[in-house]
>>> print(open('structure.txt').read())   # compact mmCIF, C-alpha atoms (C1' of nucleotides)
# COMPACT_ATOMS: atom_id res chain seq x y z
CA MET A 1 14.49 6.52 -26.56
CA ASN A 2 11.34 5.44 -28.38
CA PRO A 3 8.59 7.23 -26.49
CA ASN A 4 5.97 4.60 -27.34
CA ARG A 5 8.10 1.89 -25.79
CA LYS A 6 8.61 4.05 -22.72
CA GLN A 7 4.85 4.43 -22.39
CA GLU A 8 4.38 0.68 -22.72
CA ILE A 9 6.83 0.18 -19.87
CA ILE A 10 5.03 2.72 -17.71
CA ASN A 11 1.63 1.23 -18.44
CA THR A 12 2.81 -2.25 -17.60
CA ALA A 13 4.45 -0.94 -14.44
CA ALA A 14 1.22 0.77 -13.39
CA PHE A 15 -0.63 -2.50 -13.82
CA LEU A 16 1.89 -4.42 -11.74
CA PHE A 17 2.19 -1.73 -9.07
CA LYS A 18 -1.56 -1.78 -8.64
CA GLU A 19 -1.55 -5.54 -8.39
CA LYS A 20 1.35 -6.05 -5.97
CA GLY A 21 2.55 -2.68 -4.75
CA PHE A 22 5.63 -0.71 -5.82
CA ASN A 23 8.14 -2.47 -3.58
CA ALA A 24 6.91 -5.95 -4.42
CA VAL A 25 7.50 -5.46 -8.15
CA SER A 26 11.11 -5.96 -9.22
CA MET A 27 12.62 -4.63 -12.40
CA ARG A 28 13.00 -8.26 -13.46
CA ASP A 29 9.25 -8.81 -12.92
CA LEU A 30 8.46 -5.75 -14.99
CA ALA A 31 10.87 -6.72 -17.75
CA GLY A 32 9.46 -10.24 -17.79
CA HIS A 33 5.97 -8.98 -18.51
CA LEU A 34 7.39 -7.09 -21.49
CA HIS A 35 9.36 -10.17 -22.61
CA ILE A 36 12.72 -8.47 -22.25
CA LYS A 37 15.54 -8.52 -19.69
CA ALA A 38 15.72 -6.07 -16.79
CA ALA A 39 18.81 -4.28 -18.10
CA SER A 40 16.99 -3.46 -21.34
CA LEU A 41 14.51 -1.29 -19.48
CA TYR A 42 17.28 1.22 -18.89
CA ASN A 43 17.41 2.05 -22.59
CA HIS A 44 14.06 3.73 -22.06
CA ILE A 45 13.82 4.85 -18.45
CA SER A 46 16.41 6.13 -16.03
CA SER A 47 15.25 4.42 -12.83
CA LYS A 48 12.41 2.64 -11.08
CA GLN A 49 11.77 5.88 -9.21
CA GLU A 50 11.23 7.74 -12.47
CA ILE A 51 8.48 5.30 -13.48
CA LEU A 52 6.64 5.85 -10.21
CA ALA A 53 6.99 9.62 -10.40
CA VAL A 54 5.61 9.75 -13.95
CA ILE A 55 2.61 7.61 -13.03
CA VAL A 56 1.72 9.47 -9.86
CA LEU A 57 2.30 13.05 -10.97
CA GLN A 58 0.56 12.58 -14.31
CA ILE A 59 -2.68 11.66 -12.56
CA ALA A 60 -2.31 14.24 -9.82
CA GLU A 61 -1.90 16.96 -12.44
CA GLU A 62 -4.98 15.78 -14.28
CA PHE A 63 -7.08 16.21 -11.14
CA THR A 64 -5.56 19.62 -10.48
CA ALA A 65 -6.30 20.80 -13.99
CA HIS A 66 -9.94 19.84 -13.67
CA ILE A 67 -10.65 21.47 -10.33
CA ASN A 68 -8.88 24.62 -11.45
CA LEU A 69 -11.29 24.69 -14.35
CA ILE A 70 -14.43 24.10 -12.28
CA TYR A 71 -13.60 26.21 -9.26
CA PRO A 72 -14.09 29.70 -10.70
CA GLU A 73 -17.11 28.81 -12.84
CA ASP A 74 -20.46 30.39 -12.13
CA LEU A 75 -22.26 27.26 -10.94
CA SER A 76 -24.18 26.23 -7.86
CA THR A 77 -22.35 24.19 -5.23
CA THR A 78 -24.35 21.13 -6.19
CA GLU A 79 -23.37 21.54 -9.83
CA LYS A 80 -19.68 21.93 -8.97
CA LEU A 81 -19.73 18.85 -6.75
CA GLU A 82 -21.51 16.91 -9.47
CA ALA A 83 -18.83 17.92 -11.96
CA ILE A 84 -16.10 16.80 -9.58
CA ILE A 85 -17.79 13.44 -9.04
CA GLN A 86 -18.13 12.90 -12.77
CA ASN A 87 -14.46 13.73 -13.26
CA HIS A 88 -13.42 11.19 -10.64
CA ILE A 89 -15.54 8.56 -12.33
CA ALA A 90 -14.06 9.38 -15.72
CA ILE A 91 -10.46 9.23 -14.50
CA THR A 92 -11.18 6.02 -12.60
CA LEU A 93 -12.43 4.37 -15.77
CA LYS A 94 -9.62 5.65 -17.96
CA TYR A 95 -6.64 5.35 -15.60
CA THR A 96 -7.59 2.62 -13.15
CA ASN A 97 -4.08 1.28 -12.67
CA GLU A 98 -2.40 4.66 -12.38
CA LEU A 99 -4.98 5.85 -9.89
CA ALA A 100 -4.51 2.80 -7.70
CA CYS A 101 -0.77 3.31 -7.90
CA MET A 102 -1.09 6.97 -6.93
CA ASN A 103 -3.21 6.15 -3.90
CA ASN A 104 -1.14 3.25 -2.62
CA ASP A 105 2.43 4.06 -3.58
CA TRP A 106 2.91 7.83 -3.51
CA MET A 107 4.63 7.31 -0.17
CA HIS A 108 7.48 5.56 -1.97
CA LEU A 109 8.34 8.57 -4.10
CA GLU A 110 11.70 10.14 -3.35
CA ALA A 111 11.73 13.49 -1.60
CA ASN A 112 11.31 15.90 -4.53
CA SER A 113 8.49 14.07 -6.25
CA LYS A 114 6.80 13.38 -2.93
CA ASN A 115 6.79 17.07 -2.09
CA GLU A 116 5.36 17.90 -5.50
CA TYR A 117 2.63 15.30 -5.03
CA ARG A 118 1.77 16.62 -1.59
CA ARG A 119 1.61 20.15 -2.98
CA LEU A 120 -0.88 19.11 -5.66
CA LEU A 121 -2.92 17.10 -3.19
CA ASN A 122 -3.15 19.93 -0.69
CA ALA A 123 -4.09 22.41 -3.39
CA TYR A 124 -6.85 20.09 -4.57
CA GLU A 125 -8.26 19.63 -1.10
CA ALA A 126 -8.12 23.36 -0.45
CA LYS A 127 -10.15 24.15 -3.57
CA PHE A 128 -12.60 21.40 -2.72
CA ARG A 129 -12.96 22.74 0.81
CA ALA A 130 -13.53 26.25 -0.53
CA ILE A 131 -16.35 25.05 -2.76
CA LEU A 132 -18.05 23.40 0.20
CA GLN A 133 -17.55 26.45 2.40
CA GLU A 134 -19.21 28.57 -0.29
CA GLY A 135 -22.11 26.12 -0.24
CA LYS A 136 -22.47 26.47 3.50
CA ASP A 137 -22.32 30.27 3.29
CA LYS A 138 -25.06 30.27 0.69
CA GLY A 139 -27.14 27.88 2.79
CA GLU A 140 -26.98 25.25 0.09
CA VAL A 141 -25.14 22.72 2.22
CA GLU A 142 -26.14 21.14 5.54
CA ASP A 143 -24.49 22.36 8.69
CA VAL A 144 -22.09 19.49 9.34
CA ASP A 145 -18.41 19.76 10.19
CA LEU A 146 -16.58 20.82 7.03
CA GLU A 147 -13.52 18.62 7.52
CA ILE A 148 -15.63 15.54 8.00
CA VAL A 149 -17.48 16.11 4.76
CA VAL A 150 -14.28 16.87 2.85
CA PHE A 151 -12.85 13.64 4.14
CA SER A 152 -15.76 11.31 3.52
CA PHE A 153 -16.43 12.74 0.08
CA LEU A 154 -12.85 12.62 -1.17
CA THR A 155 -12.14 9.24 0.37
CA THR A 156 -15.05 7.72 -1.48
CA LEU A 157 -14.04 9.28 -4.77
CA ARG A 158 -10.37 8.43 -4.39
CA THR A 159 -10.98 4.76 -3.82
CA LEU A 160 -13.62 4.25 -6.45
CA TYR A 161 -11.17 2.08 -8.36
CA VAL A 162 -11.02 -0.54 -5.58
CA TRP A 163 -14.62 -1.30 -5.82
CA TYR A 164 -15.04 -0.74 -9.50
CA ALA A 165 -12.27 -3.24 -10.26
CA LYS A 166 -14.17 -6.07 -8.61
CA LYS A 167 -17.73 -5.11 -9.52
CA SER A 168 -18.19 -4.70 -13.19
CA SER A 169 -21.66 -5.87 -12.31
CA VAL A 170 -22.67 -2.27 -11.75
CA GLU A 171 -23.17 -0.45 -14.97
CA VAL A 172 -21.26 2.74 -15.59
CA GLU A 173 -24.49 4.61 -16.18
CA THR A 174 -25.85 3.51 -12.82
CA LEU A 175 -22.66 4.69 -11.21
CA LYS A 176 -22.83 8.10 -12.84
CA LYS A 177 -26.40 8.53 -11.72
CA ASP A 178 -26.44 6.99 -8.23
CA LEU A 179 -23.05 7.92 -6.83
CA PRO A 180 -23.84 11.66 -6.82
CA LYS A 181 -27.21 10.81 -5.33
CA ALA A 182 -25.65 8.77 -2.54
CA LEU A 183 -22.96 11.32 -1.77
CA LEU A 184 -25.02 14.46 -2.01
CA HIS A 185 -28.51 13.55 -0.93
CA GLY A 186 -27.95 10.99 1.79
CA LEU A 187 -29.24 7.60 2.55
CA ILE A 188 -32.03 7.86 5.03
CA LEU A 189 -35.39 9.21 3.94
CA LYS A 190 -36.04 12.54 5.62
CA ASP A 191 -39.48 11.59 6.85
CA SER A 192 -38.49 8.35 8.52
CA MET B 27 8.62 -16.78 24.42
CA ASN B 28 7.61 -13.86 26.63
CA PRO B 29 4.18 -12.87 25.28
CA ASN B 30 4.56 -9.24 26.35
CA ARG B 31 7.74 -8.91 24.34
CA LYS B 32 6.01 -10.50 21.37
CA GLN B 33 3.23 -7.96 21.63
CA GLU B 34 5.76 -5.12 21.81
CA ILE B 35 7.32 -6.39 18.60
CA ILE B 36 3.95 -6.61 16.89
CA ASN B 37 2.92 -3.13 18.03
CA THR B 38 6.18 -1.62 16.82
CA ALA B 39 5.81 -3.48 13.53
CA ALA B 40 2.28 -2.15 13.09
CA PHE B 41 3.55 1.38 13.58
CA LEU B 42 6.34 0.94 11.04
CA PHE B 43 4.15 -0.88 8.52
CA LYS B 44 1.65 1.97 8.67
CA GLU B 45 4.42 4.49 8.17
CA LYS B 46 6.33 2.85 5.33
CA GLY B 47 4.44 -0.22 4.15
CA PHE B 48 5.16 -3.87 4.85
CA ASN B 49 7.79 -4.41 2.18
CA ALA B 50 9.68 -1.22 2.97
CA VAL B 51 10.27 -2.26 6.58
CA SER B 52 13.15 -4.67 7.06
CA MET B 53 13.61 -6.93 10.04
CA ARG B 54 16.70 -4.84 10.84
CA ASP B 55 14.57 -1.67 10.84
CA LEU B 56 12.08 -3.28 13.17
CA ALA B 57 14.77 -4.64 15.48
CA GLY B 58 16.49 -1.24 15.54
CA HIS B 59 13.35 0.45 16.85
CA LEU B 60 13.32 -2.08 19.69
CA HIS B 61 17.05 -1.58 20.30
CA ILE B 62 17.93 -5.16 19.54
CA LYS B 63 19.43 -7.04 16.58
CA ALA B 64 17.32 -8.60 13.84
CA ALA B 65 18.21 -12.16 14.77
CA SER B 66 16.88 -11.62 18.30
CA LEU B 67 13.37 -11.08 16.95
CA TYR B 68 13.23 -14.77 16.10
CA ASN B 69 13.23 -15.70 19.78
CA HIS B 70 9.70 -14.31 19.86
CA ILE B 71 8.20 -14.59 16.40
CA SER B 72 8.60 -17.18 13.69
CA SER B 73 8.66 -14.95 10.62
CA LYS B 74 7.86 -11.51 9.22
CA GLN B 75 4.77 -13.06 7.67
CA GLU B 76 3.51 -14.15 11.09
CA ILE B 77 3.67 -10.56 12.35
CA LEU B 78 1.59 -9.33 9.43
CA ALA B 79 -0.95 -12.11 9.81
CA VAL B 80 -1.45 -11.44 13.51
CA ILE B 81 -1.94 -7.72 12.93
CA VAL B 82 -4.38 -8.08 10.05
CA LEU B 83 -6.49 -10.97 11.29
CA GLN B 84 -6.78 -9.61 14.82
CA ILE B 85 -8.47 -6.46 13.53
CA ALA B 86 -10.54 -8.27 10.93
CA GLU B 87 -11.91 -10.58 13.62
CA GLU B 88 -12.78 -7.64 15.84
CA PHE B 89 -14.93 -6.16 13.08
CA THR B 90 -16.56 -9.51 12.41
CA ALA B 91 -17.40 -9.99 16.09
CA HIS B 92 -19.11 -6.62 16.25
CA ILE B 93 -21.29 -6.96 13.17
CA ASN B 94 -22.31 -10.47 14.23
CA LEU B 95 -23.50 -8.91 17.46
CA ILE B 96 -25.41 -6.05 15.85
CA TYR B 97 -26.89 -7.88 12.90
CA PRO B 98 -29.60 -9.94 14.60
CA GLU B 99 -30.59 -7.25 17.13
CA ASP B 100 -34.05 -5.78 17.05
CA LEU B 101 -33.06 -2.28 15.94
CA SER B 102 -34.03 0.05 13.13
CA THR B 103 -31.69 0.25 10.12
CA THR B 104 -30.60 3.70 11.18
CA GLU B 105 -29.71 2.44 14.63
CA LYS B 106 -27.73 -0.48 13.25
CA LEU B 107 -25.81 1.76 10.87
CA GLU B 108 -25.11 4.19 13.68
CA ALA B 109 -23.76 1.36 15.81
CA ILE B 110 -21.49 0.25 12.96
CA ILE B 111 -20.19 3.78 12.46
CA GLN B 112 -19.43 4.14 16.16
CA ASN B 113 -17.59 0.84 16.15
CA HIS B 114 -15.41 1.93 13.24
CA ILE B 115 -14.59 5.15 15.05
CA ALA B 116 -13.74 3.26 18.24
CA ILE B 117 -11.45 0.79 16.46
CA THR B 118 -9.84 3.59 14.50
CA LEU B 119 -8.95 5.40 17.70
CA LYS B 120 -7.75 2.31 19.54
CA TYR B 121 -5.92 0.47 16.74
CA THR B 122 -4.89 3.16 14.27
CA ASN B 123 -1.66 1.48 13.20
CA GLU B 124 -3.12 -1.98 12.89
CA LEU B 125 -6.06 -0.70 10.88
CA ALA B 126 -3.80 1.14 8.45
CA CYS B 127 -1.72 -1.98 8.12
CA MET B 128 -4.79 -4.12 7.44
CA ASN B 129 -6.00 -1.78 4.71
CA ASN B 130 -2.69 -1.30 2.96
CA ASP B 131 -0.80 -4.54 3.43
CA TRP B 132 -3.30 -7.39 3.53
CA MET B 133 -2.30 -8.10 -0.08
CA HIS B 134 1.14 -9.18 1.17
CA LEU B 135 -0.23 -11.98 3.31
CA GLU B 136 0.70 -15.47 2.19
CA ALA B 137 -2.01 -17.60 0.65
CA ASN B 138 -3.65 -19.10 3.75
CA SER B 139 -3.89 -15.91 5.77
CA LYS B 140 -4.96 -13.96 2.70
CA ASN B 141 -7.84 -16.36 2.10
CA GLU B 142 -8.88 -16.10 5.75
CA TYR B 143 -8.81 -12.30 5.53
CA ARG B 144 -10.86 -12.31 2.35
CA ARG B 145 -13.38 -14.64 3.96
CA LEU B 146 -13.84 -12.30 6.93
CA LEU B 147 -14.04 -9.27 4.66
CA ASN B 148 -16.67 -10.81 2.42
CA ALA B 149 -18.73 -11.97 5.38
CA TYR B 150 -18.63 -8.47 6.83
CA GLU B 151 -19.73 -6.88 3.58
CA ALA B 152 -22.49 -9.42 3.17
CA LYS B 153 -23.95 -8.66 6.60
CA PHE B 154 -23.65 -4.94 5.97
CA ARG B 155 -25.41 -5.33 2.63
CA ALA B 156 -28.18 -7.35 4.28
CA ILE B 157 -28.79 -4.60 6.83
CA LEU B 158 -29.13 -2.05 4.04
CA GLN B 159 -31.40 -4.30 2.02
CA GLU B 160 -33.64 -4.66 5.04
CA GLY B 161 -33.73 -0.87 5.29
CA LYS B 162 -34.78 -0.58 1.68
CA ASP B 163 -37.47 -3.22 2.11
CA LYS B 164 -38.87 -1.39 5.10
CA GLY B 165 -38.77 1.91 3.19
CA GLU B 166 -36.32 3.35 5.65
CA VAL B 167 -33.53 3.81 3.10
CA GLU B 168 -33.53 5.86 -0.11
CA ASP B 169 -33.83 4.05 -3.41
CA VAL B 170 -30.23 4.19 -4.60
CA ASP B 171 -28.14 1.34 -5.98
CA LEU B 172 -27.27 -0.93 -3.07
CA GLU B 173 -23.72 -1.72 -4.16
CA ILE B 174 -22.88 1.94 -4.51
CA VAL B 175 -24.03 2.71 -1.01
CA VAL B 176 -22.20 -0.30 0.45
CA PHE B 177 -19.08 0.88 -1.27
CA SER B 178 -19.15 4.54 -0.38
CA PHE B 179 -20.14 3.85 3.19
CA LEU B 180 -17.52 1.21 3.90
CA THR B 181 -14.79 3.05 2.04
CA THR B 182 -15.28 6.08 4.21
CA LEU B 183 -15.28 4.06 7.41
CA ARG B 184 -12.31 1.95 6.42
CA THR B 185 -10.07 4.88 5.71
CA LEU B 186 -11.03 7.00 8.67
CA TYR B 187 -7.53 6.50 10.04
CA VAL B 188 -5.90 8.34 7.12
CA TRP B 189 -7.68 11.49 7.84
CA TYR B 190 -7.79 11.18 11.57
CA ALA B 191 -4.03 10.75 11.74
CA LYS B 192 -3.40 14.16 10.22
CA LYS B 193 -6.33 16.10 11.69
CA SER B 194 -6.37 15.90 15.43
CA SER B 195 -7.92 19.33 15.01
CA VAL B 196 -11.31 17.70 14.81
CA GLU B 197 -12.51 16.62 18.20
CA VAL B 198 -13.53 13.05 18.73
CA GLU B 199 -16.92 14.15 19.93
CA THR B 200 -17.51 16.13 16.73
CA LEU B 201 -16.54 13.08 14.75
CA LYS B 202 -18.94 10.82 16.62
CA LYS B 203 -21.74 13.27 16.08
CA ASP B 204 -21.15 14.56 12.54
CA LEU B 205 -19.86 11.51 10.71
CA PRO B 206 -23.15 9.61 11.08
CA LYS B 207 -24.93 12.79 10.07
CA ALA B 208 -22.81 13.17 6.94
CA LEU B 209 -23.07 9.52 5.94
CA LEU B 210 -26.72 8.95 6.70
CA HIS B 211 -28.46 12.21 6.09
CA GLY B 212 -26.61 13.70 3.16
CA LEU B 213 -25.06 16.97 2.38
CA ILE B 214 -27.45 19.03 0.37
CA LEU B 215 -30.47 20.55 2.06
CA LYS B 216 -33.66 18.96 0.74
CA ASP B 217 -35.41 22.22 -0.01
CA SER B 218 -32.58 23.75 -2.03
C1' DT C 9 25.98 -21.28 45.10
C1' DA C 10 24.98 -24.25 41.01
C1' DG C 11 22.16 -24.89 37.26
C1' DC C 12 18.80 -23.76 33.90
C1' DT C 13 16.12 -20.93 30.85
C1' DC C 14 15.22 -17.06 28.22
C1' DA C 15 16.64 -13.47 25.38
C1' DA C 16 20.10 -11.19 23.74
C1' DC C 17 24.30 -11.57 20.75
C1' DT C 18 27.85 -12.46 16.39
C1' DA C 19 28.46 -14.34 12.05
C1' DA C 20 27.02 -16.00 8.12
C1' DC C 21 23.94 -18.09 4.33
C1' DA C 22 21.63 -17.90 -0.14
C1' DA C 23 18.63 -15.09 -2.62
C1' DT C 24 17.27 -11.03 -4.63
C1' DC C 25 17.50 -6.16 -5.36
C1' DG C 26 18.43 -1.85 -8.65
C1' DT C 27 21.72 -0.65 -11.66
C1' DT C 28 26.02 -0.35 -14.82
C1' DA C 29 29.36 -1.70 -18.49
C1' DG C 30 30.21 -3.63 -22.48
C1' DT C 31 28.48 -6.46 -26.44
C1' DT C 32 25.36 -8.28 -29.96
C1' DT C 33 21.31 -8.08 -32.72
C1' DT C 34 17.87 -5.78 -35.30
C1' DG C 35 15.61 -2.86 -38.69
C1' DG C 36 15.24 1.18 -41.54
C1' DC C 37 17.70 4.42 -44.64
C1' DA C 38 21.70 5.91 -47.75
C1' DT D 9 24.03 -3.79 -49.91
C1' DG D 10 26.34 -1.51 -46.20
C1' DC D 11 25.88 1.58 -42.36
C1' DC D 12 24.16 3.40 -38.13
C1' DA D 13 21.44 3.97 -34.39
C1' DA D 14 18.10 1.88 -31.34
C1' DA D 15 17.15 -1.71 -28.44
C1' DA D 16 17.97 -5.93 -27.08
C1' DC D 17 21.45 -8.94 -24.73
C1' DT D 18 25.12 -11.19 -21.00
C1' DA D 19 27.56 -10.63 -16.97
C1' DA D 20 28.45 -8.67 -13.02
C1' DC D 21 28.62 -5.18 -9.02
C1' DG D 22 27.65 -4.03 -4.20
C1' DA D 23 23.97 -3.64 -1.15
C1' DT D 24 20.26 -5.48 1.30
C1' DT D 25 16.87 -9.02 2.27
C1' DG D 26 14.75 -12.78 5.65
C1' DT D 27 16.46 -16.23 8.18
C1' DT D 28 19.49 -19.90 10.67
C1' DA D 29 23.24 -21.74 13.69
C1' DG D 30 25.75 -21.43 17.43
C1' DT D 31 27.24 -18.58 21.53
C1' DT D 32 27.06 -15.50 25.57
C1' DG D 33 25.27 -13.29 29.53
C1' DA D 34 21.74 -12.18 32.90
C1' DG D 35 18.41 -13.53 36.30
C1' DC D 36 15.43 -16.77 38.67
C1' DT D 37 14.95 -21.22 41.21
C1' DA D 38 16.44 -25.26 43.72
>>> encode(input="structure.txt", output="C-alpha cells")
Amino acid sequence: MNPNRKQEIINTAAFLFKEKGFNAVSMRDLAGHLHIKAASLYNHISSKQEILAVIVLQIAEEFTAHINLIYPEDLSTTEKLEAIIQNHIAITLKYTNELACMNNDWMHLEANSKNEYRRLLNAYEAKFRAILQEGKDKGEVEDVDLEIVVFSFLTTLRTLYVWYAKKSSVEVETLKKDLPKALLHGLILKDS
Amino acid sequence: MNPNRKQEIINTAAFLFKEKGFNAVSMRDLAGHLHIKAASLYNHISSKQEILAVIVLQIAEEFTAHINLIYPEDLSTTEKLEAIIQNHIAITLKYTNELACMNNDWMHLEANSKNEYRRLLNAYEAKFRAILQEGKDKGEVEDVDLEIVVFSFLTTLRTLYVWYAKKSSVEVETLKKDLPKALLHGLILKDS
DNA sequence: TAGCTCAACTAACAATCGTTAGTTTTGGCA
DNA sequence: TGCCAAAACTAACGATTGTTAGTTGAGCTA
C-alpha cells in the first residue's frame, strides 16, 4: 500500500529481470533481494504479471510521448532524427534495467498488456517511418529501402543498453556526438 | 541414438525457444510438438541444457568460421564489411530460429557453455573491430568512435531475424542490396 | 522364427513455482 | 500508553518443472 515500497519492488524486479530474464526470476528471488519473504510482496503488488506490465508499459509510454511531441514540429528530417536519437540515449541512461526488460520480456506479458504494448510499438514505428518518408520526399534522405532503414535505425537505438552496460569506457558525450554521426552520415568516406 | 531424430528434436526446440523463450518451453511442450511424451526425449538427448548448448554454439561457431576466413584476405575494408553483411543475411535466412535462440537465450546456458559462447563472441567482435581499425588507418572509414560503430553495426546484423520474421514483404534481393548501402553509406545525402 | 536393439511408453520423484490464508510484529498517532 | 493500520511473517496449496526407472512394442538381423 506504500507506493514507495511498491516502486522499490518494481525497481529491484527490473534489475533482476534484466539480469536473468522474467521467467528465471522467482518471487522468492525477488523477495530475497529486498530482504523479505515472497508472501510479503503481495502486500504491495497483486501479481508477478503486474510488475512486468508496469515496467514495460511505463517505458513504452515514455517513448510514445516523445515521438508524439517531435513528430508535428517544424524541423528538418535530420533534426527530428537527431532528437529521437538523443531521446533514446537519455532513456537508456535513466532506465537501463526497464528498457532491457521491455526488449527481452514483453513477450511474457499476458494478453491485454501485450496487445497494449504492441499497439504502442506499432504507433511508434509508424511515426518514425512517416518522418523518414517525409525526408525522402523532400530529397533529404538517400534512396534506400524505407523498411530497411527503419529496422536498422530502431534496432540500434533499442539495444543501446546492451552495449552501454558493458562499455562505460565510452563517454556519454562521445556517444551523444558520434552515434548520430554513425547512424545518419554513414561509415565509408564518399570519395573512397 | 538416431541422429536424425536428435536433429528433429533440436530443430523443434529452436523453433519453440524462439517463439516463447527457453524457460517458457517445458520438456512436455517440446515433446508434444513431436507427438511423443517428455520422457521419450531422453532416449536422444541428455538434458534440456544440452539442446540449448548445441543450438547456440553451432551458430556461434559458424560465425567464427566465416570471419576467420575473411579476416586475413587481401580485400578492401568495404569489401570485407560487405562479405560480413552477406554472411549475416545468409545465416539469418537459413537458421532463423537458432539465431533468435542464440541472441535471446545464451544467458541461460550453464557455466561451461556460457564461457565458450562468450569466448567466441569476444573473438568475433575483436576481429570485426580490427577490420574497422584497419579501415580507419587506411583512411577508408570515417572518423567516428570505433566502439560506437562496432556496436551499431553488429547490433543491426545480429537482430536481422526479428525484423525479417515479420516482414517477408521485403524481398531478399532488396535486403542484400540495400542493407549494405544503409549500413555503410549512411542515410543523409552529403550535400543536404 | 527367435532374439536383440531402439524408441516409444507409464509412473513417479523431488524440487520449485506463484499465490493465498491466517497470524504476528512494527511504528506512528490519539 | 494504548490503538490501529501497514507490512512483515509462517505454513501451506495445487500445479508444473526436469528428470529417472522400469516396461512395452515394433522392426531388423541372424
>>> residues_around(input="structure.txt", residues="DA16 of chain C", least_positions_apart="3", cutoff="9 Å", atoms="only C-alpha atoms (C1' of nucleotides)", output="mmCIF file with C-alpha atoms (C1' of nucleotides), in the coordinates of the input")
data_model
loop_
_atom_site.group_PDB
_atom_site.id
_atom_site.type_symbol
_atom_site.label_atom_id
_atom_site.label_comp_id
_atom_site.auth_asym_id
_atom_site.auth_seq_id
_atom_site.Cartn_x
_atom_site.Cartn_y
_atom_site.Cartn_z
ATOM 1 C CA ILE B 62 17.930 -5.160 19.540
ATOM 2 C CA LYS B 63 19.430 -7.040 16.580
ATOM 3 C CA SER B 66 16.880 -11.620 18.300
ATOM 4 C "C1'" DT D 32 27.060 -15.500 25.570
ATOM 5 C "C1'" DG D 33 25.270 -13.290 29.530
#
>>> closest_residue(input="structure.txt", among="C:DT31, C:DC14, C:DA38, C:DC21", to="DG10 of chain D", atoms="only C-alpha atoms (C1' of nucleotides)")
C:DA38
>>> axis_aligned_box(input="structure.txt", around="segment 17-27 of chain C", padding_each_side="5 Å", output="AutoDock Vina command-line options")
--center_x 22.9 --center_y -9.4 --center_z 4.5 --size_x 21.2 --size_y 27.4 --size_z 42.4
>>> interface_residues(input="structure.txt", of="chain D", to="chain A", cutoff="10 Å", atoms="all atoms listed in the file", output="PyMOL selection string")
chain D and resi 14-18
>>> write_last_selection(input="structure.txt", atoms="C-alpha atoms (C1' of nucleotides)", output="short mmCIF file (atom, residue, chain, number, x, y, z; two decimals), in the coordinates of the input")
data_model
loop_
_atom_site.label_atom_id
_atom_site.label_comp_id
_atom_site.auth_asym_id
_atom_site.auth_seq_id
_atom_site.Cartn_x
_atom_site.Cartn_y
_atom_site.Cartn_z
"C1'" DA D 14 18.10 1.88 -31.34
"C1'" DA D 15 17.15 -1.71 -28.44
"C1'" DA D 16 17.97 -5.93 -27.08
"C1'" DC D 17 21.45 -8.94 -24.73
"C1'" DT D 18 25.12 -11.19 -21.00
#
>>> closest_atom_pairs(input="structure.txt", of="chain B", to="chain A", cutoff="8 Å", atoms="only C-alpha atoms", output="JSON lines")
{"residue": "B:Lys46", "atom": "CA", "partner": "A:Met107", "partner_atom": "CA", "distance": 7.3}
{"residue": "B:Asn49", "atom": "CA", "partner": "A:Asn23", "partner_atom": "CA", "distance": 6.1}
{"residue": "B:Ala50", "atom": "CA", "partner": "A:Asn23", "partner_atom": "CA", "distance": 6.8}
{"residue": "B:Thr104", "atom": "CA", "partner": "A:Ile188", "partner_atom": "CA", "distance": 7.6}
{"residue": "B:Asn130", "atom": "CA", "partner": "A:Asn104", "partner_atom": "CA", "distance": 7.4}
{"residue": "B:Met133", "atom": "CA", "partner": "A:Lys20", "partner_atom": "CA", "distance": 7.2}
{"residue": "B:His134", "atom": "CA", "partner": "A:Lys20", "partner_atom": "CA", "distance": 7.8}
{"residue": "B:Glu166", "atom": "CA", "partner": "A:Ser192", "partner_atom": "CA", "distance": 6.2}
{"residue": "B:Val167", "atom": "CA", "partner": "A:Ile188", "partner_atom": "CA", "distance": 4.7}
{"residue": "B:Glu168", "atom": "CA", "partner": "A:Leu187", "partner_atom": "CA", "distance": 5.3}
{"residue": "B:Val170", "atom": "CA", "partner": "A:Asp178", "partner_atom": "CA", "distance": 5.9}
{"residue": "B:Asp171", "atom": "CA", "partner": "A:Asp178", "partner_atom": "CA", "distance": 6.3}
{"residue": "B:Glu173", "atom": "CA", "partner": "A:Val170", "partner_atom": "CA", "distance": 7.7}
{"residue": "B:Ile174", "atom": "CA", "partner": "A:Leu179", "partner_atom": "CA", "distance": 6.4}
{"residue": "B:Val175", "atom": "CA", "partner": "A:Ala182", "partner_atom": "CA", "distance": 6.5}
{"residue": "B:Phe177", "atom": "CA", "partner": "A:Trp163", "partner_atom": "CA", "distance": 6.7}
{"residue": "B:Ser178", "atom": "CA", "partner": "A:Thr156", "partner_atom": "CA", "distance": 5.3}
{"residue": "B:Phe179", "atom": "CA", "partner": "A:Thr156", "partner_atom": "CA", "distance": 7.9}
{"residue": "B:Thr181", "atom": "CA", "partner": "A:Thr156", "partner_atom": "CA", "distance": 5.9}
{"residue": "B:Thr182", "atom": "CA", "partner": "A:Ser152", "partner_atom": "CA", "distance": 5.3}
{"residue": "B:Thr185", "atom": "CA", "partner": "A:Thr155", "partner_atom": "CA", "distance": 7.2}
{"residue": "B:Trp189", "atom": "CA", "partner": "A:Phe151", "partner_atom": "CA", "distance": 6.7}
{"residue": "B:Val196", "atom": "CA", "partner": "A:Glu147", "partner_atom": "CA", "distance": 7.7}
{"residue": "B:Thr200", "atom": "CA", "partner": "A:Asp145", "partner_atom": "CA", "distance": 7.5}
{"residue": "B:Leu201", "atom": "CA", "partner": "A:Ile148", "partner_atom": "CA", "distance": 7.2}
{"residue": "B:Asp204", "atom": "CA", "partner": "A:Val144", "partner_atom": "CA", "distance": 6.0}
{"residue": "B:Leu205", "atom": "CA", "partner": "A:Ile148", "partner_atom": "CA", "distance": 6.4}
{"residue": "B:Lys207", "atom": "CA", "partner": "A:Val144", "partner_atom": "CA", "distance": 7.3}
{"residue": "B:Ala208", "atom": "CA", "partner": "A:Val149", "partner_atom": "CA", "distance": 6.5}
{"residue": "B:Leu209", "atom": "CA", "partner": "A:Gly186", "partner_atom": "CA", "distance": 6.6}
{"residue": "B:Leu210", "atom": "CA", "partner": "A:Leu187", "partner_atom": "CA", "distance": 5.0}
{"residue": "B:His211", "atom": "CA", "partner": "A:Gly186", "partner_atom": "CA", "distance": 4.5}
{"residue": "B:Gly212", "atom": "CA", "partner": "A:Gly186", "partner_atom": "CA", "distance": 3.3}
{"residue": "B:Leu213", "atom": "CA", "partner": "A:Leu184", "partner_atom": "CA", "distance": 5.1}
{"residue": "B:Ile214", "atom": "CA", "partner": "A:Val141", "partner_atom": "CA", "distance": 4.7}
{"residue": "B:Leu215", "atom": "CA", "partner": "A:Glu142", "partner_atom": "CA", "distance": 5.6}
{"residue": "B:Lys216", "atom": "CA", "partner": "A:His185", "partner_atom": "CA", "distance": 7.7}
{"residue": "B:Ser218", "atom": "CA", "partner": "A:Glu140", "partner_atom": "CA", "distance": 6.2}
